[in-house]
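Have a look at query.cif; it's mmCIF, C-alpha atoms:
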data_coords
#
loop_
_atom_site.label_atom_id
_atom_site.label_comp_id
_atom_site.auth_asym_id
_atom_site.auth_seq_id
_atom_site.Cartn_x
_atom_site.Cartn_y
_atom_site.Cartn_z
CA MET C 1 3.32 18.42 -19.60
CA LYS C 2 0.79 16.34 -17.74
CA LYS C 3 -2.43 14.66 -18.74
CA GLU C 4 -5.31 15.14 -16.30
CA SER C 5 -8.03 12.53 -15.95
CA LYS C 6 -10.83 11.85 -13.50
CA GLY C 7 -10.12 10.30 -10.14
CA GLY C 8 -8.84 6.73 -10.03
CA THR C 9 -6.94 4.22 -7.95
CA ALA C 10 -3.62 5.49 -9.24
CA LEU C 11 -1.44 4.94 -6.21
CA VAL C 12 1.42 2.85 -7.61
CA PRO C 13 3.22 0.61 -7.04
CA SER C 14 0.80 -1.32 -4.84
CA PRO C 15 1.42 -4.41 -2.77
CA VAL C 16 -0.38 -7.64 -3.63
CA VAL C 17 -1.34 -9.97 -0.82
CA LEU C 18 -3.20 -13.22 -0.37
CA LEU C 19 -5.70 -13.02 2.47
CA SER C 20 -6.54 -16.40 3.96
CA VAL C 21 -9.43 -17.04 6.29
CA ARG C 22 -11.08 -20.01 7.89
CA GLY C 23 -14.58 -20.81 6.72
CA LYS C 24 -17.47 -22.79 8.10
CA GLU C 25 -16.44 -25.74 5.94
CA THR C 26 -13.29 -24.96 3.95
CA PRO C 27 -10.80 -22.12 4.25
CA ASN C 28 -10.53 -19.57 1.47
CA ILE C 29 -7.97 -17.26 -0.11
CA ILE C 30 -8.49 -13.93 -1.89
CA THR C 31 -5.96 -11.77 -3.66
CA LEU C 32 -6.05 -8.12 -2.62
CA SER C 33 -4.16 -5.07 -3.72
CA TRP C 34 -6.08 -2.52 -1.65
CA ALA C 35 -3.81 -3.19 1.33
CA ALA C 36 -1.29 -1.30 3.45
CA ASN C 37 0.44 -0.88 6.74
CA VAL C 38 -1.49 1.99 8.35
CA CYS C 39 -0.28 2.31 11.94
CA SER C 40 2.96 1.55 13.77
CA ASP C 41 1.60 1.10 17.32
CA PRO C 42 -0.30 -1.12 17.62
CA PRO C 43 1.07 -2.45 14.34
CA SER C 44 -1.95 -2.42 12.06
CA ILE C 45 -2.82 -3.01 8.45
CA ALA C 46 -5.90 -2.20 6.41
CA VAL C 47 -7.44 -4.06 3.48
CA GLY C 48 -10.32 -3.04 1.26
CA ILE C 49 -12.79 -5.85 0.45
CA ARG C 50 -15.94 -5.68 -1.70
CA PRO C 51 -19.02 -6.79 0.27
CA ASN C 52 -20.16 -8.93 -2.68
CA ARG C 53 -17.01 -11.07 -2.66
CA HIS C 54 -17.44 -14.60 -1.38
CA SER C 55 -14.82 -14.07 1.33
CA TYR C 56 -16.34 -10.86 2.71
CA ASP C 57 -18.71 -12.56 5.15
CA MET C 58 -16.07 -15.13 6.06
CA VAL C 59 -13.61 -12.37 6.98
CA LYS C 60 -16.25 -10.39 8.84
CA ASP C 61 -17.60 -13.39 10.76
CA ALA C 62 -14.17 -14.80 11.63
CA GLY C 63 -12.84 -11.47 12.91
CA GLU C 64 -9.32 -12.66 12.11
CA PHE C 65 -7.31 -13.62 9.08
CA VAL C 66 -3.79 -13.97 7.72
CA ILE C 67 -2.10 -11.66 5.21
CA ASN C 68 0.28 -13.81 3.15
CA ILE C 69 2.85 -12.02 1.02
CA PRO C 70 3.65 -13.98 -2.12
CA GLY C 71 7.00 -14.29 -3.87
CA VAL C 72 7.33 -14.80 -7.60
CA ASP C 73 6.87 -18.56 -7.07
CA GLN C 74 3.30 -17.75 -6.01
CA LEU C 75 2.53 -15.44 -8.95
CA GLU C 76 0.18 -17.90 -10.67
CA ALA C 77 -1.64 -18.58 -7.40
CA THR C 78 -1.92 -14.82 -6.88
CA LYS C 79 -3.60 -14.39 -10.24
CA PHE C 80 -5.84 -17.45 -9.72
CA CYS C 81 -7.02 -16.33 -6.29
CA GLY C 82 -7.78 -12.86 -7.63
CA THR C 83 -9.99 -14.02 -10.47
CA LYS C 84 -11.72 -17.21 -9.26
CA SER C 85 -14.35 -17.34 -6.56
CA GLY C 86 -14.10 -19.53 -3.48
CA ARG C 87 -17.76 -20.40 -4.11
CA ASP C 88 -16.64 -22.73 -6.87
CA ASN C 89 -13.04 -23.51 -5.99
CA ASP C 90 -11.04 -24.93 -3.12
CA LYS C 91 -8.20 -22.52 -3.72
CA PHE C 92 -5.72 -24.18 -1.36
CA ALA C 93 -6.16 -27.46 -3.26
CA GLU C 94 -6.29 -25.99 -6.76
CA CYS C 95 -3.16 -23.87 -6.23
CA ASN C 96 -1.27 -26.60 -4.36
CA LEU C 97 -0.94 -24.35 -1.33
CA THR C 98 -0.57 -25.73 2.18
CA PRO C 99 -2.65 -24.38 5.08
CA VAL C 100 -0.81 -24.14 8.40
CA GLN C 101 -2.73 -23.09 11.49
CA GLY C 102 -1.76 -19.66 12.82
CA SER C 103 -0.31 -19.46 16.31
CA LYS C 104 -2.20 -16.33 17.40
CA VAL C 105 -5.38 -16.50 15.33
CA ASN C 106 -7.67 -19.26 14.15
CA ALA C 107 -6.90 -18.88 10.46
CA PRO C 108 -4.78 -20.79 7.97
CA MET C 109 -1.42 -19.37 6.96
CA ILE C 110 -0.18 -20.19 3.45
CA ALA C 111 3.02 -22.17 4.07
CA GLU C 112 4.48 -21.40 0.64
CA CYS C 113 4.32 -17.59 1.05
CA PRO C 114 7.57 -16.26 2.53
CA ILE C 115 5.86 -13.76 4.85
CA ASN C 116 2.69 -14.21 6.91
CA LEU C 117 0.97 -11.65 9.12
CA GLU C 118 -1.57 -12.91 11.65
CA CYS C 119 -4.27 -10.26 11.96
CA LYS C 120 -7.28 -9.51 14.16
CA THR C 121 -9.91 -7.08 12.87
CA THR C 122 -10.36 -3.99 15.04
CA LYS C 123 -12.60 -1.79 12.84
CA ILE C 124 -14.62 -2.08 9.64
CA VAL C 125 -15.06 1.25 7.84
CA PRO C 126 -17.44 1.53 4.86
CA VAL C 127 -15.87 3.60 2.09
CA GLY C 128 -17.96 2.85 -1.01
CA SER C 129 -17.60 -0.19 -3.24
CA HIS C 130 -15.16 -1.55 -0.65
CA ASP C 131 -15.25 -1.79 3.13
CA LEU C 132 -11.95 -1.13 4.85
CA PHE C 133 -10.95 -3.77 7.39
CA ILE C 134 -8.45 -2.35 9.87
CA ALA C 135 -6.64 -5.08 11.77
CA GLN C 136 -3.92 -5.41 14.36
CA VAL C 137 -0.94 -7.55 13.37
CA LEU C 138 -0.41 -10.02 16.22
CA ALA C 139 2.49 -12.01 14.78
CA VAL C 140 4.80 -12.02 11.78
CA HIS C 141 6.35 -15.14 10.25
CA LEU C 142 9.39 -14.82 7.99
CA ASP C 143 10.64 -17.79 6.03
CA GLU C 144 14.35 -18.51 6.46
CA SER C 145 14.69 -18.12 2.67
CA VAL C 146 14.15 -14.35 3.10
CA LEU C 147 16.50 -13.92 6.06
CA ASN C 148 20.18 -13.02 6.00
CA GLU C 149 22.85 -14.62 8.18
CA SER C 150 21.85 -12.37 11.08
CA GLY C 151 18.26 -13.55 10.90
CA ARG C 152 17.01 -10.25 9.49
CA PHE C 153 14.83 -9.63 6.43
CA ASP C 154 16.85 -9.62 3.20
CA ALA C 155 14.92 -7.92 0.40
CA GLU C 156 17.20 -9.28 -2.30
CA LYS C 157 16.48 -12.87 -1.33
CA SER C 158 12.76 -12.27 -1.00
CA LYS C 159 11.78 -12.29 -4.70
CA LEU C 160 8.79 -10.08 -3.96
CA PHE C 161 6.74 -8.38 -6.62
CA THR C 162 4.38 -5.47 -6.93
CA TYR C 163 1.22 -4.55 -8.81
CA MET C 164 0.35 -1.56 -10.99
CA PRO C 165 -3.40 -0.86 -10.73
CA LEU C 166 -2.97 1.72 -13.50
CA ASN C 167 -2.47 -1.05 -16.08
CA GLY C 168 -3.02 -4.37 -14.27
CA GLN C 169 0.60 -5.51 -14.57
CA TYR C 170 2.81 -7.35 -12.09
CA TRP C 171 6.43 -6.21 -11.78
CA ALA C 172 9.39 -7.72 -9.97
CA ILE C 173 11.43 -5.79 -7.42
CA GLY C 174 14.66 -4.58 -9.03
CA ASP C 175 17.82 -3.09 -7.60
CA LYS C 176 18.45 -1.57 -4.20
CA LEU C 177 18.55 2.24 -4.38
CA ALA C 178 19.18 3.25 -0.78
CA MET N 1 11.20 -23.20 8.44
CA LYS N 2 9.85 -19.84 9.52
CA LYS N 3 10.85 -17.45 12.27
CA GLU N 4 7.95 -16.02 14.27
CA SER N 5 8.16 -12.58 15.84
CA LYS N 6 5.72 -10.18 17.42
CA GLY N 7 3.39 -8.07 15.31
CA GLY N 8 4.92 -5.45 13.04
CA THR N 9 4.35 -3.37 9.94
CA ALA N 10 5.61 -6.15 7.72
CA LEU N 11 3.44 -5.60 4.66
CA VAL N 12 6.02 -5.31 1.87
CA PRO N 13 6.69 -3.89 -0.60
CA SER N 14 5.03 -0.62 0.35
CA PRO N 15 4.46 2.46 -1.77
CA VAL N 16 6.19 5.72 -0.85
CA VAL N 17 4.38 8.97 -1.52
CA LEU N 18 4.91 12.66 -0.93
CA LEU N 19 1.83 14.30 0.53
CA SER N 20 1.62 18.03 -0.18
CA VAL N 21 -0.73 20.40 1.55
CA ARG N 22 -1.32 24.10 1.66
CA GLY N 23 -0.55 25.82 4.96
CA LYS N 24 -1.52 29.08 6.56
CA GLU N 25 1.75 30.59 5.41
CA THR N 26 3.78 28.10 3.39
CA PRO N 27 2.84 24.75 1.88
CA ASN N 28 4.42 21.60 3.25
CA ILE N 29 5.40 18.11 2.10
CA ILE N 30 5.62 14.89 4.10
CA THR N 31 6.83 11.49 2.99
CA LEU N 32 4.46 8.65 3.85
CA SER N 33 4.61 4.92 3.37
CA TRP N 34 1.42 4.07 5.26
CA ALA N 35 -0.64 4.65 2.09
CA ALA N 36 -2.84 2.65 -0.27
CA ASN N 37 -5.69 2.59 -2.70
CA VAL N 38 -8.59 1.34 -0.59
CA CYS N 39 -11.76 1.65 -2.67
CA SER N 40 -12.56 1.61 -6.38
CA ASP N 41 -15.84 3.59 -6.36
CA PRO N 42 -15.56 6.34 -5.40
CA PRO N 43 -11.84 6.00 -6.03
CA SER N 44 -10.31 6.47 -2.61
CA ILE N 45 -6.97 6.24 -0.91
CA ALA N 46 -5.98 6.12 2.74
CA VAL N 47 -2.89 7.46 4.46
CA GLY N 48 -1.77 7.04 8.06
CA ILE N 49 -0.38 10.17 9.70
CA ARG N 50 0.95 10.61 13.25
CA PRO N 51 -0.93 13.38 15.11
CA ASN N 52 2.37 14.80 16.39
CA ARG N 53 3.74 15.47 12.90
CA HIS N 54 3.86 19.09 11.84
CA SER N 55 1.65 18.42 8.82
CA TYR N 56 -1.10 16.62 10.72
CA ASP N 57 -3.07 19.74 11.62
CA MET N 58 -2.44 21.25 8.19
CA VAL N 59 -3.90 18.14 6.51
CA LYS N 60 -6.82 18.00 8.93
CA ASP N 61 -7.63 21.71 8.67
CA ALA N 62 -7.27 21.88 4.88
CA GLY N 63 -9.48 18.82 4.29
CA GLU N 64 -7.69 18.27 1.00
CA PHE N 65 -4.21 17.41 -0.20
CA VAL N 66 -2.23 15.96 -3.07
CA ILE N 67 -0.56 12.54 -3.15
CA ASN N 68 2.55 12.87 -5.32
CA ILE N 69 4.24 9.68 -6.49
CA PRO N 70 7.98 10.13 -6.84
CA GLY N 71 10.26 8.60 -9.43
CA VAL N 72 13.91 7.80 -8.76
CA ASP N 73 14.80 11.41 -9.61
CA GLN N 74 12.90 12.41 -6.47
CA LEU N 75 14.53 9.81 -4.19
CA GLU N 76 16.64 12.35 -2.29
CA ALA N 77 13.62 14.63 -1.83
CA THR N 78 11.63 11.62 -0.61
CA LYS N 79 14.23 10.89 2.05
CA PHE N 80 14.55 14.58 3.01
CA CYS N 81 10.79 15.09 3.38
CA GLY N 82 10.54 11.97 5.50
CA THR N 83 13.18 12.99 8.01
CA LYS N 84 13.01 16.80 8.26
CA SER N 85 10.15 18.74 9.80
CA GLY N 86 8.27 21.48 7.98
CA ARG N 87 8.52 23.45 11.22
CA ASP N 88 12.12 24.26 10.36
CA ASN N 89 12.26 23.77 6.60
CA ASP N 90 10.57 25.11 3.49
CA LYS N 91 10.67 21.71 1.82
CA PHE N 92 9.61 22.90 -1.63
CA ALA N 93 12.52 25.36 -1.63
CA GLU N 94 15.09 23.09 -0.03
CA CYS N 95 14.34 20.19 -2.38
CA ASN N 96 14.05 22.39 -5.48
CA LEU N 97 10.49 21.21 -6.00
CA THR N 98 7.90 23.31 -7.83
CA PRO N 99 4.38 23.79 -6.41
CA VAL N 100 1.61 23.86 -9.01
CA GLN N 101 -1.92 24.62 -7.89
CA GLY N 102 -4.30 21.65 -8.17
CA SER N 103 -7.28 21.96 -10.47
CA LYS N 104 -9.80 20.28 -8.15
CA VAL N 105 -8.43 21.05 -4.69
CA ASN N 106 -6.68 23.99 -3.10
CA ALA N 107 -3.36 22.26 -2.57
CA PRO N 108 0.01 22.37 -4.29
CA MET N 109 0.96 19.51 -6.61
CA ILE N 110 4.68 18.71 -6.92
CA ALA N 111 5.44 19.38 -10.58
CA GLU N 112 8.51 17.12 -10.65
CA CYS N 113 6.63 13.99 -9.49
CA PRO N 114 5.34 12.00 -12.48
CA ILE N 115 1.97 11.17 -10.89
CA ASN N 116 -0.27 13.42 -8.77
CA LEU N 117 -3.56 12.50 -7.12
CA GLU N 118 -5.82 15.34 -5.97
CA CYS N 119 -7.60 14.17 -2.82
CA LYS N 120 -10.41 15.33 -0.54
CA THR N 121 -10.64 13.86 2.95
CA THR N 122 -13.88 11.98 3.65
CA LYS N 123 -13.12 10.28 6.99
CA ILE N 124 -10.48 10.35 9.70
CA VAL N 125 -10.22 7.09 11.64
CA PRO N 126 -8.05 6.87 14.78
CA VAL N 127 -6.06 3.62 14.81
CA GLY N 128 -3.33 4.16 17.40
CA SER N 129 -0.07 6.01 16.87
CA HIS N 130 -1.47 7.03 13.46
CA ASP N 131 -4.81 8.41 12.32
CA LEU N 132 -6.02 7.06 9.02
CA PHE N 133 -7.13 9.74 6.55
CA ILE N 134 -9.50 8.26 3.96
CA ALA N 135 -9.85 10.53 0.94
CA GLN N 136 -11.59 10.53 -2.41
CA VAL N 137 -9.33 10.94 -5.45
CA LEU N 138 -10.87 13.73 -7.53
CA ALA N 139 -8.30 13.91 -10.33
CA VAL N 140 -5.16 12.13 -11.50
CA HIS N 141 -2.30 13.79 -13.37
CA LEU N 142 0.16 11.67 -15.35
CA ASP N 143 3.30 13.19 -16.78
CA GLU N 144 3.84 12.51 -20.46
CA SER N 145 7.17 10.92 -19.52
CA VAL N 146 5.24 7.96 -18.04
CA LEU N 147 2.79 7.56 -20.93
CA ASN N 148 3.14 5.33 -23.96
CA GLU N 149 2.27 6.33 -27.52
CA SER N 150 -1.40 5.62 -26.83
CA GLY N 151 -1.41 8.00 -23.88
CA ARG N 152 -1.64 5.18 -21.32
CA PHE N 153 0.51 4.57 -18.26
CA ASP N 154 3.78 2.81 -19.10
CA ALA N 155 5.31 1.23 -15.98
CA GLU N 156 8.69 0.74 -17.64
CA LYS N 157 9.07 4.45 -18.37
CA SER N 158 7.89 5.45 -14.92
CA LYS N 159 11.08 4.75 -12.92
CA LEU N 160 9.04 4.20 -9.77
CA PHE N 161 10.42 2.72 -6.61
CA THR N 162 9.16 1.01 -3.51
CA TYR N 163 9.95 0.86 0.19
CA MET N 164 10.60 -2.05 2.55
CA PRO N 165 9.44 -1.13 6.07
CA LEU N 166 11.03 -4.38 7.28
CA ASN N 167 14.52 -2.93 6.80
CA GLY N 168 14.06 0.72 5.74
CA GLN N 169 15.42 0.22 2.22
CA TYR N 170 14.28 1.72 -1.08
CA TRP N 171 14.20 -0.60 -4.11
CA ALA N 172 13.65 0.12 -7.80
CA ILE N 173 10.95 -1.60 -9.83
CA GLY N 174 12.51 -4.37 -11.91
CA ASP N 175 11.17 -6.49 -14.75
CA LYS N 176 7.63 -7.03 -15.89
CA LEU N 177 6.34 -10.45 -14.79
CA ALA N 178 2.79 -10.49 -16.18
#

When written as structure tokens, how does the structure in this file appear?
Amino acid sequence: MKKESKGGTALVPSPVVLLSVRGKETPNIITLSWAANVCSDPPSIAVGIRPNRHSYDMVKDAGEFVINIPGVDQLEATKFCGTKSGRDNDKFAECNLTPVQGSKVNAPMIAECPINLECKTTKIVPVGSHDLFIAQVLAVHLDESVLNESGRFDAEKSKLFTYMPLNGQYWAIGDKLA
Amino acid sequence: MKKESKGGTALVPSPVVLLSVRGKETPNIITLSWAANVCSDPPSIAVGIRPNRHSYDMVKDAGEFVINIPGVDQLEATKFCGTKSGRDNDKFAECNLTPVQGSKVNAPMIAECPINLECKTTKIVPVGSHDLFIAQVLAVHLDESVLNESGRFDAEKSKLFTYMPLNGQYWAIGDKLA
């Protein structure tokens, strides 16, 4: 038996990412869950951003940004950057996060996040409450803490987590299934 | 220390969904990982589909489809529907999955999947190897097996899993963090 309800953002589990962008004066960070890989060639991601968020104009004007994937050590920063506005907070400073200049785009990468994707916006698609920024991934940075002896991504070492929009909870990654 | 490499679809963890669609003769199912919630109002999702996949024209022509979220009991079906073509396989039959007509769209929901999202395409955006289908979610169905006593989504009971495009592995959801 199933319970039917009206439409909702029920696609679970969802990724959670920290988007960092340069600003006119200080860089900013926003937490986003409306985010995905969307195309293999050119490798592209998409993120949904509300036009009334402080970072919206910064992301639009810059035309480039970094998607930083947090591990559990960045869980508190993830929550902070999703609930506080960059209007009132220097999020890098308040979360003790370190900005490192990207090599392909003029945007700060978050040093503490184990995975960083340098992105350049290619299209902005209005959807409704959110605009969808489609962006090409120009470079990927993987911290050695998430690499195995062969230099490849090791999910077990990565301590990633996921988000459930259906109830607002964060959940760790568990066991390998296949 | 980080290792830099060229751009890639490195946004992890990613959701994995089974998209079901009616066909001219038989319905079909495809496994997709390029998928996300992208907008809260109207609630909308986006999925990236390669134009050369058998289901592409079916999804485009139908204008509506269902996003089915598998639990670990549907892991084998998820792998099957991601590697076999509907040209040669009746995937509902071969995976022992049961089609149930949607209530808002003319598309088959997969009864065995604990969560179903009925979707209507609103935009198709070419990105590169994949076209991005943006669709409004018209209804959500939650199986009682994933609901708590109050009738709300219970992530612990859901037995969901996630996908790591960086190495092609499937991982279970682990412990609640927050």

Practice problem: Give as JSON, numbers by chain the residues that the PyMOL selection byres ((chain N and resi 164) around 12) matches when applied to the coordinates above. | Solution: {"C": [15, 36, 37, 153, 154, 155, 156, 158, 160, 161, 162, 173, 176, 177, 178], "N": [9, 10, 11, 12, 13, 14, 15, 16, 33, 34, 161, 162, 163, 165, 166, 167, 168, 169, 170, 171, 172]}

Quiz prompt | Near-stretch 103-108 of chain N list (9 Å; all atoms listed in the file; drop same-chain fewer than 2 positions) as a list in words | solution = Ser20, Val21, Arg22, Gly23, Pro27, Asn28, Ala62, Glu64, Phe65, Val66, Thr98, Pro99, Val100, Gln101, Ile110, Ala111, Glu118, Cys119, Lys120, Leu138 and Ala139 of chain N

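Separating atom CA of N:Ile67 from atom CA of N:Leu18 is a distance of 5.9 Å.
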
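For the atom pair formed by atom CA of N:Leu75 and atom CA of N:Leu97, the distance is 12.2 Å, given to one decimal.
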
Quiz prompt | Distance in Å - atom CA of N:Ser145 versus atom CA of C:Met1 | solution = 8.4 Å
